[in-house]
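J.: Input start05.txt, format and content: compact mmCIF, C-alpha atoms.
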```txt
# COMPACT_ATOMS: atom_id res chain seq x y z
CA MET C 13 -103.09 13.86 38.41
CA ALA C 14 -105.02 10.69 37.61
CA SER C 15 -103.16 10.45 34.30
CA ILE C 16 -99.73 10.64 35.91
CA LEU C 17 -100.73 8.00 38.45
CA ARG C 18 -101.87 5.70 35.65
CA GLU C 19 -98.70 6.39 33.70
CA VAL C 20 -96.39 5.76 36.63
CA PHE C 21 -98.04 2.62 37.99
CA SER C 22 -98.72 1.04 34.61
CA ASN C 23 -94.97 0.47 34.44
CA ARG C 24 -94.18 -3.10 35.44
CA ASN C 25 -91.06 -2.21 37.43
CA VAL C 26 -92.72 0.57 39.39
CA LEU C 27 -95.73 -1.62 40.16
CA ALA C 28 -93.56 -4.54 41.34
CA LEU C 29 -91.30 -2.37 43.50
CA SER C 30 -94.07 -0.18 44.92
CA SER C 31 -96.28 -3.12 45.93
CA THR C 32 -93.44 -4.99 47.61
CA ASN C 33 -92.13 -1.79 49.20
CA MET C 34 -95.55 -1.18 50.74
CA LEU C 35 -95.55 -4.73 52.09
CA TYR C 36 -92.05 -4.12 53.46
CA HIS C 37 -93.14 -0.92 55.25
CA ILE C 38 -96.20 -2.54 56.81
CA PHE C 39 -94.30 -5.27 58.62
CA ASN C 40 -91.05 -3.36 59.10
CA SER C 41 -93.01 -0.82 61.16
CA LEU C 42 -93.91 -3.55 63.64
CA TRP C 43 -90.34 -3.80 64.88
CA GLU C 44 -87.80 -1.32 63.47
CA LEU C 45 -89.25 1.84 65.04
CA TRP C 46 -89.02 0.14 68.43
CA TRP C 47 -85.73 -1.69 67.99
CA SER C 48 -83.73 0.57 70.32
CA LEU C 49 -86.39 0.10 73.03
CA TYR C 50 -86.18 -3.67 72.53
CA LEU C 51 -82.41 -3.54 72.99
CA LEU C 52 -82.77 -1.39 76.10
CA LYS C 53 -85.70 -3.09 77.85
CA VAL C 54 -85.57 -6.71 76.68
CA LEU C 55 -81.90 -7.41 76.01
CA ASN C 56 -80.77 -5.01 78.78
CA THR C 57 -78.33 -3.22 76.51
CA PRO C 58 -76.59 -0.08 77.86
CA ILE C 59 -77.24 3.15 75.95
CA THR C 60 -73.63 3.45 74.79
CA ILE C 61 -73.75 -0.11 73.45
CA ILE C 62 -76.96 0.72 71.55
CA GLY C 63 -74.99 3.52 69.91
CA LEU C 64 -72.14 1.09 69.19
CA LEU C 65 -74.54 -1.40 67.58
CA ALA C 66 -75.93 1.36 65.37
CA THR C 67 -72.35 2.22 64.40
CA ILE C 68 -71.68 -1.42 63.47
CA GLN C 69 -74.84 -1.47 61.41
CA ASN C 70 -73.90 1.74 59.61
CA THR C 71 -70.35 0.47 59.01
CA SER C 72 -71.62 -2.73 57.41
CA ARG C 73 -74.18 -0.84 55.35
CA ILE C 74 -71.79 1.67 53.84
CA LEU C 75 -69.22 -0.97 52.98
CA PHE C 76 -71.71 -2.39 50.49
CA GLN C 77 -73.27 0.81 49.10
CA LEU C 78 -70.43 1.54 46.71
CA PRO C 79 -69.90 -2.06 45.53
CA GLY C 80 -73.66 -2.31 45.08
CA GLY C 81 -73.67 0.74 42.80
CA ILE C 82 -70.71 -0.53 40.78
CA ILE C 83 -72.20 -4.01 40.38
CA ALA C 84 -75.57 -2.53 39.40
CA ASP C 85 -73.89 -0.55 36.61
CA ARG C 86 -71.98 -3.63 35.43
CA ILE C 87 -74.48 -6.50 35.55
CA GLY C 88 -77.77 -4.65 35.72
CA ARG C 89 -80.24 -3.47 38.35
CA LYS C 90 -82.51 -6.51 38.65
CA LYS C 91 -79.92 -9.08 39.76
CA VAL C 92 -78.62 -6.83 42.51
CA ILE C 93 -82.13 -6.01 43.77
CA VAL C 94 -83.20 -9.66 43.89
CA PHE C 95 -80.02 -10.72 45.70
CA GLY C 96 -80.25 -7.92 48.28
CA THR C 97 -83.94 -8.57 48.91
CA GLY C 98 -83.15 -12.25 49.45
CA LEU C 99 -80.78 -11.32 52.27
CA ARG C 100 -83.67 -9.48 53.95
CA VAL C 101 -85.33 -12.86 54.47
CA LEU C 102 -82.43 -14.20 56.55
CA ALA C 103 -81.46 -11.16 58.65
CA PRO C 104 -84.61 -10.90 60.83
CA ILE C 105 -84.32 -14.61 61.70
CA LEU C 106 -80.90 -13.96 63.24
CA LEU C 107 -82.25 -10.93 65.13
CA LEU C 108 -85.17 -13.01 66.41
CA LEU C 109 -82.87 -15.73 67.76
CA ALA C 110 -80.51 -13.30 69.54
CA LYS C 111 -80.60 -13.65 73.34
CA SER C 112 -78.13 -10.84 74.09
CA TRP C 113 -76.82 -7.76 72.31
CA VAL C 114 -73.67 -9.67 71.28
CA TRP C 115 -75.74 -12.10 69.21
CA VAL C 116 -77.59 -9.21 67.57
CA ILE C 117 -74.42 -8.28 65.64
CA PRO C 118 -74.61 -11.02 62.94
CA GLY C 119 -78.22 -10.08 62.22
CA ILE C 120 -77.62 -6.35 61.88
CA VAL C 121 -74.53 -6.96 59.72
CA LEU C 122 -76.48 -9.21 57.34
CA ASN C 123 -79.37 -6.75 57.26
CA SER C 124 -76.88 -4.02 56.37
CA VAL C 125 -75.27 -6.11 53.63
CA ALA C 126 -78.72 -6.27 52.02
CA SER C 127 -78.54 -2.50 51.54
CA LEU C 128 -76.17 -3.08 48.62
CA TYR C 129 -79.24 -2.98 46.38
CA GLY C 130 -80.07 0.61 47.41
CA PRO C 131 -78.31 2.31 44.46
CA ALA C 132 -79.81 -0.23 42.03
CA PHE C 133 -83.27 0.35 43.51
CA ASN C 134 -83.03 4.14 43.13
CA ALA C 135 -81.61 3.83 39.63
CA ILE C 136 -84.27 1.44 38.31
CA ILE C 137 -87.04 3.67 39.65
CA ALA C 138 -85.48 6.77 38.05
CA GLU C 139 -85.08 4.95 34.73
CA SER C 140 -88.65 3.65 34.79
CA LEU C 141 -90.25 7.08 35.25
CA PRO C 142 -91.08 9.57 32.49
CA GLN C 143 -88.15 11.99 32.25
CA GLU C 144 -90.20 15.08 31.41
CA ARG C 145 -92.32 14.68 34.56
CA ARG C 146 -89.83 12.95 36.80
CA GLY C 147 -90.50 15.08 39.88
CA THR C 148 -94.26 14.48 39.72
CA ALA C 149 -93.67 10.81 39.04
CA PHE C 150 -91.31 10.48 42.02
CA GLY C 151 -93.93 12.22 44.15
CA ALA C 152 -96.67 9.85 42.98
CA TYR C 153 -94.45 6.84 43.67
CA ARG C 154 -93.46 8.13 47.11
CA ALA C 155 -97.09 8.94 48.00
CA LEU C 156 -98.39 5.46 47.23
CA THR C 157 -95.51 3.55 48.81
CA SER C 158 -95.68 5.69 51.96
CA ILE C 159 -99.34 4.94 52.71
CA PRO C 160 -98.44 2.20 55.25
CA GLN C 161 -96.23 4.71 57.06
CA VAL C 162 -99.32 6.80 57.74
CA PHE C 163 -101.20 4.28 59.85
CA MET C 164 -98.58 1.69 60.89
CA PRO C 165 -96.69 3.74 63.54
CA ALA C 166 -99.88 4.26 65.58
CA ILE C 167 -100.98 0.66 65.03
CA SER C 168 -97.57 -0.71 66.01
CA GLY C 169 -97.44 1.60 69.05
CA TYR C 170 -100.83 0.36 70.26
CA TYR C 171 -99.85 -3.21 69.45
CA LEU C 172 -96.66 -2.91 71.53
CA ALA C 173 -98.49 -1.20 74.38
CA VAL C 174 -100.86 -4.19 74.54
CA MET C 175 -98.41 -7.04 73.85
CA GLY C 176 -95.30 -5.58 75.44
CA VAL C 177 -92.08 -4.57 73.71
CA GLY C 178 -90.51 -8.06 73.76
CA PRO C 179 -93.36 -10.17 72.32
CA GLY C 180 -94.39 -7.35 69.97
CA VAL C 181 -90.98 -6.90 68.36
CA ARG C 182 -90.45 -10.67 68.07
CA MET C 183 -93.80 -11.11 66.33
CA GLY C 184 -92.93 -8.19 64.03
CA LEU C 185 -89.66 -9.87 63.05
CA MET C 186 -91.46 -13.13 62.19
CA LEU C 187 -94.06 -11.34 60.05
CA PHE C 188 -91.36 -9.27 58.36
CA THR C 189 -89.51 -12.45 57.37
CA CYS C 190 -92.64 -13.72 55.59
CA ALA C 191 -93.13 -10.35 53.85
CA ALA C 192 -89.51 -10.32 52.65
CA ALA C 193 -89.94 -13.81 51.18
CA VAL C 194 -92.94 -12.60 49.20
CA ALA C 195 -91.02 -9.50 48.07
CA VAL C 196 -88.03 -11.41 46.71
CA THR C 197 -90.32 -13.74 44.76
CA VAL C 198 -92.30 -10.90 43.18
CA ARG C 199 -89.17 -8.96 42.26
CA ALA C 200 -87.48 -12.00 40.75
CA VAL C 201 -90.50 -12.76 38.56
CA PHE C 202 -91.75 -9.33 37.51
CA LEU C 203 -88.80 -6.88 37.39
CA THR C 204 -87.46 -5.96 33.95
CA GLU C 205 -83.89 -4.75 33.47
CA THR C 206 -83.60 -1.05 32.56
CA LEU C 207 -79.88 -0.93 31.78
CA GLY C 208 -79.69 -1.60 28.06
CA PRO C 209 -77.05 -3.77 26.33
CA GLU C 210 -75.34 -0.66 24.99
CA ASP C 211 -74.93 0.69 28.54
CA LEU C 212 -73.57 -2.64 29.78
CA SER C 213 -71.14 -2.88 26.87
CA GLU C 214 -70.02 0.70 27.49
CA VAL C 215 -69.27 -0.17 31.12
CA GLY C 216 -67.40 -3.27 29.92
CA LEU C 217 -65.18 -1.18 27.65
CA GLU C 218 -64.40 1.13 30.57
CA ASP C 219 -63.49 -1.88 32.70
CA ARG C 220 -61.00 -3.11 30.09
CA ARG C 221 -59.38 0.36 29.88
CA GLU C 222 -58.18 0.56 33.45
CA GLU C 223 -61.75 1.46 34.21
CA LYS C 224 -63.14 4.90 34.76
CA GLY C 225 -62.29 5.37 38.41
CA MET C 226 -64.98 6.12 40.92
CA MET C 227 -63.51 9.48 41.90
CA GLU C 228 -62.87 10.28 38.25
CA THR C 229 -66.55 9.71 37.55
CA PHE C 230 -67.51 11.91 40.47
CA ARG C 231 -65.01 14.64 39.57
CA GLY C 232 -66.72 14.93 36.20
CA MET C 233 -70.02 15.77 37.85
CA PRO C 234 -71.27 19.39 38.15
CA ARG C 235 -70.67 21.34 41.35
CA THR C 236 -74.29 20.75 42.39
CA ILE C 237 -73.59 17.03 42.88
CA TRP C 238 -70.66 17.86 45.15
CA ALA C 239 -72.84 20.27 47.12
CA MET C 240 -75.54 17.61 47.44
CA LEU C 241 -72.91 15.20 48.73
CA LEU C 242 -71.91 17.73 51.40
CA VAL C 243 -75.57 18.23 52.40
CA SER C 244 -75.96 14.46 52.60
CA VAL C 245 -72.87 14.16 54.81
CA VAL C 246 -73.94 16.91 57.23
CA SER C 247 -77.55 15.72 57.52
CA GLY C 248 -76.50 12.09 57.69
CA PHE C 249 -74.15 12.66 60.60
CA ALA C 250 -76.80 14.61 62.52
CA MET C 251 -79.46 11.98 61.87
CA ARG C 252 -77.24 9.09 62.89
CA MET C 253 -76.27 10.94 66.05
CA THR C 254 -79.86 11.52 67.23
CA TRP C 255 -82.44 9.30 65.61
CA THR C 256 -81.56 6.01 67.28
CA PHE C 257 -82.34 7.65 70.61
CA LEU C 258 -85.51 9.60 69.77
CA PRO C 259 -87.96 6.84 70.82
CA ILE C 260 -86.03 6.36 74.08
CA TYR C 261 -86.03 10.13 74.71
CA ALA C 262 -89.75 10.40 73.91
CA LEU C 263 -90.68 7.67 76.39
CA ASN C 264 -88.16 8.39 79.16
CA VAL C 265 -87.91 12.21 79.05
CA ASN C 266 -91.20 13.34 77.47
CA HIS C 267 -93.01 10.48 79.27
CA LEU C 268 -94.99 9.42 76.22
CA ASN C 269 -96.19 5.85 75.85
CA GLU C 270 -95.65 3.71 72.77
CA PHE C 271 -99.04 4.53 71.28
CA GLN C 272 -98.55 8.29 71.68
CA TYR C 273 -95.13 8.23 70.03
CA GLY C 274 -96.45 6.08 67.22
CA LEU C 275 -99.39 8.45 66.80
CA LEU C 276 -97.01 11.40 66.33
CA GLN C 277 -95.35 9.56 63.43
CA THR C 278 -98.77 8.79 61.98
CA ILE C 279 -99.84 12.45 62.16
CA ALA C 280 -96.71 13.63 60.38
CA MET C 281 -96.92 10.99 57.68
CA GLY C 282 -100.68 11.47 57.28
CA ILE C 283 -100.00 15.08 56.31
CA SER C 284 -96.87 14.35 54.27
CA VAL C 285 -98.17 11.61 52.01
CA PRO C 286 -100.89 13.56 50.13
CA LEU C 287 -98.48 16.49 49.82
CA TYR C 288 -95.89 14.34 48.03
CA LEU C 289 -97.95 14.71 44.87
CA VAL C 290 -98.02 18.49 45.28
CA SER C 291 -94.27 18.56 45.82
CA GLY C 292 -93.76 16.61 42.60
CA LEU C 293 -95.79 19.15 40.64
CA ILE C 294 -93.89 22.03 42.25
CA ALA C 295 -90.55 20.35 41.51
CA ASP C 296 -91.47 19.90 37.85
CA ARG C 297 -92.94 23.37 37.36
CA PHE C 298 -90.83 25.57 39.61
CA GLY C 299 -87.68 23.54 40.22
CA ARG C 300 -86.25 20.86 42.49
CA VAL C 301 -84.23 23.17 44.75
CA PRO C 302 -87.14 24.97 46.50
CA CYS C 303 -88.56 21.61 47.56
CA ILE C 304 -85.18 20.39 48.77
CA LEU C 305 -84.57 23.63 50.68
CA LEU C 306 -87.94 23.45 52.44
CA ALA C 307 -87.42 19.83 53.50
CA ARG C 308 -83.89 20.40 54.74
CA GLY C 309 -84.67 23.81 56.23
CA LEU C 310 -87.14 22.40 58.71
CA GLY C 311 -85.11 19.22 59.20
CA PRO C 312 -83.68 20.29 62.57
CA PHE C 313 -87.22 20.72 63.94
CA ASP C 314 -87.76 16.95 63.81
CA SER C 315 -85.64 16.28 66.90
CA LEU C 316 -85.79 19.82 68.27
CA SER C 317 -89.56 19.49 68.79
CA LEU C 318 -89.06 16.77 71.42
CA LEU C 319 -86.60 19.05 73.22
CA LEU C 320 -88.82 22.14 73.14
CA PHE C 321 -92.24 20.63 73.84
CA LYS C 322 -93.13 18.26 76.66
CA ASP C 323 -96.91 18.50 76.40
CA PHE C 324 -98.44 15.92 74.06
CA ASN C 325 -100.86 18.41 72.48
CA GLN C 326 -97.95 20.73 71.66
CA LEU C 327 -96.11 17.82 70.09
CA ILE C 328 -99.14 17.02 67.92
CA ALA C 329 -99.01 20.56 66.50
CA ALA C 330 -95.22 20.34 66.06
CA TYR C 331 -95.42 17.06 64.17
CA GLY C 332 -98.12 18.57 61.99
CA VAL C 333 -95.60 21.24 60.92
CA ILE C 334 -92.98 18.53 60.36
CA GLY C 335 -95.48 16.69 58.17
CA ILE C 336 -96.21 19.77 56.04
CA ALA C 337 -92.53 20.56 55.61
CA GLY C 338 -91.67 16.98 54.74
CA GLY C 339 -94.55 16.63 52.28
CA LEU C 340 -93.86 19.84 50.40
CA GLY C 341 -90.16 19.10 50.58
CA GLY C 342 -90.61 15.99 48.48
CA GLY C 343 -90.13 13.40 51.20
CA ARG C 344 -90.71 13.54 54.94
CA LEU C 345 -87.51 14.07 56.86
CA ARG C 346 -87.58 10.50 58.20
CA GLY C 347 -88.93 9.01 54.98
CA GLY C 348 -86.49 10.83 52.73
CA GLY C 349 -83.59 10.44 55.09
CA TYR C 350 -80.17 11.94 54.42
CA MET C 351 -80.46 10.90 50.75
CA GLY C 352 -83.55 13.04 50.33
CA GLY C 353 -87.02 12.64 48.86
CA PRO C 354 -88.45 12.71 45.33
CA ALA C 355 -87.19 16.23 44.47
CA TRP C 356 -83.69 15.22 45.61
CA GLN C 357 -83.71 11.98 43.63
CA ALA C 358 -85.18 13.74 40.58
CA LEU C 359 -82.39 16.34 40.62
CA ILE C 360 -79.73 13.60 40.74
CA ALA C 361 -81.48 11.79 37.87
CA ASP C 362 -81.61 15.07 35.91
CA ILE C 363 -77.85 15.56 36.19
CA VAL C 364 -76.22 12.11 36.22
CA PRO C 365 -76.28 9.97 33.03
CA PRO C 366 -77.81 6.48 33.38
CA ARG C 367 -74.51 4.60 33.00
CA ASP C 368 -73.03 6.44 36.02
CA ARG C 369 -76.17 6.76 38.15
CA GLY C 370 -75.62 3.64 40.25
CA LYS C 371 -71.98 4.56 40.92
CA VAL C 372 -72.78 8.15 41.90
CA MET C 373 -75.66 7.16 44.18
CA GLY C 374 -73.51 4.42 45.70
CA LEU C 375 -70.59 6.78 46.25
CA MET C 376 -72.81 9.40 47.90
CA GLY C 377 -74.18 6.75 50.25
CA THR C 378 -70.71 5.40 51.02
CA VAL C 379 -69.06 8.77 51.71
CA THR C 380 -72.03 9.89 53.80
CA GLY C 381 -71.90 6.69 55.79
CA LEU C 382 -68.12 6.71 56.31
CA ILE C 383 -68.10 10.23 57.70
CA GLY C 384 -71.21 9.53 59.77
CA LEU C 385 -69.82 6.33 61.29
CA PRO C 386 -69.03 7.72 64.75
CA GLY C 387 -72.37 9.57 64.88
CA SER C 388 -74.39 6.88 66.66
CA TYR C 389 -71.67 6.11 69.19
CA ILE C 390 -71.19 9.82 69.92
CA GLY C 391 -74.95 10.09 70.26
CA GLY C 392 -75.01 7.28 72.83
CA TYR C 393 -72.24 8.95 74.82
CA LEU C 394 -74.01 12.32 74.71
CA TYR C 395 -77.34 10.77 75.69
CA ASP C 396 -75.72 9.22 78.76
CA PHE C 397 -74.13 12.57 79.57
CA ASN C 398 -77.14 14.82 78.81
CA PRO C 399 -80.07 13.79 76.54
CA ASN C 400 -81.08 17.42 76.00
CA LEU C 401 -77.59 18.33 74.81
CA LEU C 402 -77.73 15.50 72.26
CA LEU C 403 -80.92 16.81 70.65
CA ALA C 404 -79.73 20.42 70.68
CA LEU C 405 -76.38 19.58 69.04
CA GLY C 406 -78.02 17.31 66.48
CA SER C 407 -80.50 20.00 65.46
CA GLY C 408 -77.79 22.65 65.19
CA LEU C 409 -75.60 20.41 63.06
CA GLU C 410 -78.41 19.57 60.66
CA ALA C 411 -79.13 23.29 60.22
CA LEU C 412 -75.68 23.73 58.63
CA SER C 413 -77.02 22.16 55.41
CA ILE C 414 -79.31 25.16 54.78
CA PRO C 415 -76.65 27.66 53.55
CA ILE C 416 -75.03 24.94 51.44
CA ILE C 417 -78.29 24.44 49.55
CA LEU C 418 -78.92 28.18 49.24
CA PHE C 419 -75.56 28.96 47.68
CA PHE C 420 -74.37 25.82 45.90
CA VAL C 421 -77.26 23.52 44.89
CA LYS C 422 -78.53 24.67 41.50
CA GLU C 423 -81.14 23.48 39.05
CA ARG C 424 -79.92 21.66 35.98
CA ARG C 425 -79.24 24.23 33.27
CA PRO C 426 -80.76 23.74 29.80
CA GLU C 427 -77.35 23.63 28.13
CA ILE C 428 -76.29 20.52 30.06
CA LEU C 429 -79.45 18.58 29.38
CA ASP C 430 -78.64 15.29 27.71
CA ASN C 431 -80.61 13.63 25.01
CA THR C 432 -80.80 10.28 26.73
CA PRO C 433 -84.35 9.01 26.23
CA SER C 434 -86.20 7.91 29.29
CA THR C 435 -87.45 4.38 29.66
CA GLN C 436 -90.84 4.06 28.02
CA MET C 437 -93.77 3.51 30.33
CA SER C 438 -95.50 0.28 29.50
```
Could you spell out this file's structure in structure tokens?

T.:
Amino acid sequence: MASILREVFSNRNVLALSSTNMLYHIFNSLWELWWSLYLLKVLNTPITIIGLLATIQNTSRILFQLPGGIIADRIGRKKVIVFGTGLRVLAPILLLLAKSWVWVIPGIVLNSVASLYGPAFNAIIAESLPQERRGTAFGAYRALTSIPQVFMPAISGYYLAVMGVGPGVRMGLMLFTCAAAVAVTVRAVFLTETLGPEDLSEVGLEDRREEKGMMETFRGMPRTIWAMLLVSVVSGFAMRMTWTFLPIYALNVNHLNEFQYGLLQTIAMGISVPLYLVSGLIADRFGRVPCILLARGLGPFDSLSLLLFKDFNQLIAAYGVIGIAGGLGGGRLRGGGYMGGPAWQALIADIVPPRDRGKVMGLMGTVTGLIGLPGSYIGGYLYDFNPNLLLALGSGLEALSIPIILFFVKERRPEILDNTPSTQMS
């Protein structure tokens, strides 16, 4: 295990991205987890409008996922990552200056535009890891970069309980702006492009030949990629419908305080993070699909636990189970999100050739986002109607991804393995 850690983090790209990603998570945790509470309590935003704002944010984000993937395949990963990270410096300033929910919109749109570097980020990590141990390497990367997510939710919850939601979130936004400025500088100086000249020239030839269309690229992918897209769509819709409202539900219905809710996140992540390494080993030795199935299989329990258990001690036990499932599943359900954890990303990297990786990842994010657009608004409407119904429907919807994985997501077969060499670890 020590050898794989040395191998992974001796790579200049992985070291630059992991260190800045950790910095990002530390200061992002001071405000993002509590953003819906800030809108509700400080800016006096109605619940349905909170859902509408989340929909606007998701709309802006998905509009740039696909272009981000295309641009990353055309001009390289580094330029897109540096540009997108630069936008992260400006967005929190606009959010900080907003005095009503109307003036929040420019900030959340700009913050969403910054997500255009997501496909480039995933691609450069995949191309900087050793191909033969990609699952373990993804697990090692995820474990290290998730360390701040272990302790920061509890710290930020205590910090908000002491300072108050308004001053606490505003201070978090100011600190996050400074962290983003450091991140863009480090990435601009230390990142090395992984898309070789031959890949760029190949993309250029495609562009001059009426270009290989996006859907044509995707149609050429194995059925597993289509099944993974469907899983992403189903899980993404369910997550968008419920997750914006989980902190509000926890405080208003379960009667937790900020510190208690933050502590639950810390417990789950504290269990998940060390298990990421185990999940990487399992994914490499026994396959990616078992890890993906475990993570997605217990996905509905993330929101269902708040519905079923009102006692804080019961919730501690429930979040412990969520942490185990997320860790062995190759990415905690929140941390991996609808685009999955290390086992998920490793399976995509196993199947999709480097020259198409950015496009495929961008298209999956775009399609997932487009279909999930009304999720947050529907969630706000359902929360106003019946908060319990929202969590029950969200959990049931997310459970639909389980049979899709069981029957249609397959490991990469030996006969379709390509001979593309992985980027050498430096």

J.: Could you work out how far CA of Thr189 in chain C lies from CA of Pro104 in chain C, giving the answer in Å with one decimal?

T.: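 A separation of 6.2 Å between them.
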
J.: At most 12 Å is the cut-off: for each residue in range 170-279 of chain C with any atom that close to an atom of range 21-32 of chain C, write down the nearest atom pair and the distance in Å rounded to one decimal, counting only C-alpha atoms, chain first then increasing number, as a Markdown table.

T.:
```
| residue | atom | partner | partner_atom | distance |
| --- | --- | --- | --- | --- |
| C:Phe188 | CA | C:Thr32 | CA | 11.8 |
| C:Cys190 | CA | C:Thr32 | CA | 11.9 |
| C:Ala191 | CA | C:Thr32 | CA | 8.2 |
| C:Ala192 | CA | C:Thr32 | CA | 8.3 |
| C:Ala193 | CA | C:Thr32 | CA | 10.1 |
| C:Val194 | CA | C:Thr32 | CA | 7.8 |
| C:Ala195 | CA | C:Thr32 | CA | 5.1 |
| C:Val196 | CA | C:Thr32 | CA | 8.4 |
| C:Thr197 | CA | C:Thr32 | CA | 9.7 |
| C:Val198 | CA | C:Ala28 | CA | 6.7 |
| C:Arg199 | CA | C:Ala28 | CA | 6.3 |
| C:Ala200 | CA | C:Ala28 | CA | 9.6 |
| C:Val201 | CA | C:Ala28 | CA | 9.2 |
| C:Phe202 | CA | C:Ala28 | CA | 6.4 |
| C:Leu203 | CA | C:Asn25 | CA | 5.2 |
| C:Thr204 | CA | C:Asn25 | CA | 6.3 |
| C:Glu205 | CA | C:Asn25 | CA | 8.6 |
| C:Thr206 | CA | C:Asn25 | CA | 9.0 |
```

J.: Quick one: residues within 8 Å of range 39-47 of chain C, all atoms listed in the file, excluding same-chain residues fewer than 6 positions away - as a PyMOL selection string?

T.: chain C and resi 161+164-165+168+177+180-182+184-185+187-188+191+259

J.: Rounded to one decimal, what separation in Å do you get between CA of Gly80 in chain C and CA of Val246 in chain C?

T.: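 Distance between the two atoms: 22.7 Å.
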
J.: Can you pull out every residue within 6 Å of range 132-135 of chain C, counting only C-alpha atoms, but drop anything in the same chain fewer than 2 positions away, and send it as JSON, numbers by chain?

T.: {"C": [84, 89, 129, 130, 137, 138, 370]}

J.: Mind checking which residues fall within 8 Å of range 381-394 of chain C, counting all atoms listed in the file, ignoring those fewer than 2 positions away in the same chain, and posting them as JSON, numbers by chain?

T.: {"C": [59, 60, 61, 62, 63, 64, 66, 67, 70, 71, 73, 74, 245, 248, 249, 250, 252, 253, 254, 256, 257, 377, 378, 379, 396, 397, 398, 399, 401, 402]}

J.: Can you tell me how far CA of Val94 in chain C sits from CA of Pro160 in chain C, in Å to one decimal?

T.: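 Spanning CA of Val94 in chain C to CA of Pro160 in chain C is a straight-line distance of 22.4 Å.
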
J.: For a quick check of understanding, using all atoms listed in the file, which of C:Leu319, C:Cys303, C:Leu207, C:Val125 has the smallest distance to Ser140 in chain C?

T.: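 Smallest distance to Ser140 in chain C is found for C:Leu207.
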
J.: Calculated over only C-alpha atoms, which of the candidates C:Arg424, C:His37, C:Arg308, C:Arg100 has the smallest distance to Val243 in chain C?

T.: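 Smallest separation from Val243 in chain C among the options: C:Arg308.
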
J.: Draw an axis-aligned box tight on the listed atoms of range 49-68 of chain C, then pad every side by 6 Å and write out centre and edge lengths in Å to one decimal as AutoDock Vina command-line options.

T.:
```
--center_x -79.0 --center_y -1.9 --center_z 71.1 --size_x 26.7 --size_y 22.9 --size_z 27.3
```

J.: With only C-alpha atoms as the counted atoms, please give the residues lying no more than 9 Å from Asp314 in chain C, apart from itself and same-chain residues fewer than 2 positions off, as an mmCIF file with C-alpha atoms, keeping the file's coordinate frame.

T.:
```cif
data_model
loop_
_atom_site.group_PDB
_atom_site.id
_atom_site.type_symbol
_atom_site.label_atom_id
_atom_site.label_comp_id
_atom_site.auth_asym_id
_atom_site.auth_seq_id
_atom_site.Cartn_x
_atom_site.Cartn_y
_atom_site.Cartn_z
ATOM 1 C CA LEU C 310 -87.140 22.400 58.710
ATOM 2 C CA GLY C 311 -85.110 19.220 59.200
ATOM 3 C CA PRO C 312 -83.680 20.290 62.570
ATOM 4 C CA LEU C 316 -85.790 19.820 68.270
ATOM 5 C CA SER C 317 -89.560 19.490 68.790
ATOM 6 C CA LEU C 318 -89.060 16.770 71.420
ATOM 7 C CA ALA C 330 -95.220 20.340 66.060
ATOM 8 C CA TYR C 331 -95.420 17.060 64.170
ATOM 9 C CA ILE C 334 -92.980 18.530 60.360
ATOM 10 C CA LEU C 345 -87.510 14.070 56.860
ATOM 11 C CA ARG C 346 -87.580 10.500 58.200
ATOM 12 C CA SER C 407 -80.500 20.000 65.460
#
```

J.: What residues have an atom no more than 9 Å from (-73.2, 8.8, 46.3) in the file's own frame, counting all atoms listed in the file, and can you write them as a list in words?

T.: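 Final list of nearby residues, as requested, is Gln77, Leu78, Gly81, Pro131, Phe230, Ile237, Leu241, Ser244, Met351, Arg369, Gly370, Lys371, Val372, Met373, Gly374, Leu375, Met376, Gly377, Thr378, Val379 and Thr380 of chain C.
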
J.: Between C:Ile279, C:Val116, C:Met34, C:Met251, which has the minimum distance to Leu327 in chain C (counting all atoms listed in the file)?

T.: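 Closest to Leu327 in chain C of all the choices is C:Ile279.
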
J.: Using all atoms listed in the file, find the one residue out of C:Gly96, C:Gly88, C:Pro365, C:Pro415 that sits nearest to Ile136 in chain C.

T.: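 For Ile136 in chain C, the nearest of the given residues is C:Gly88.
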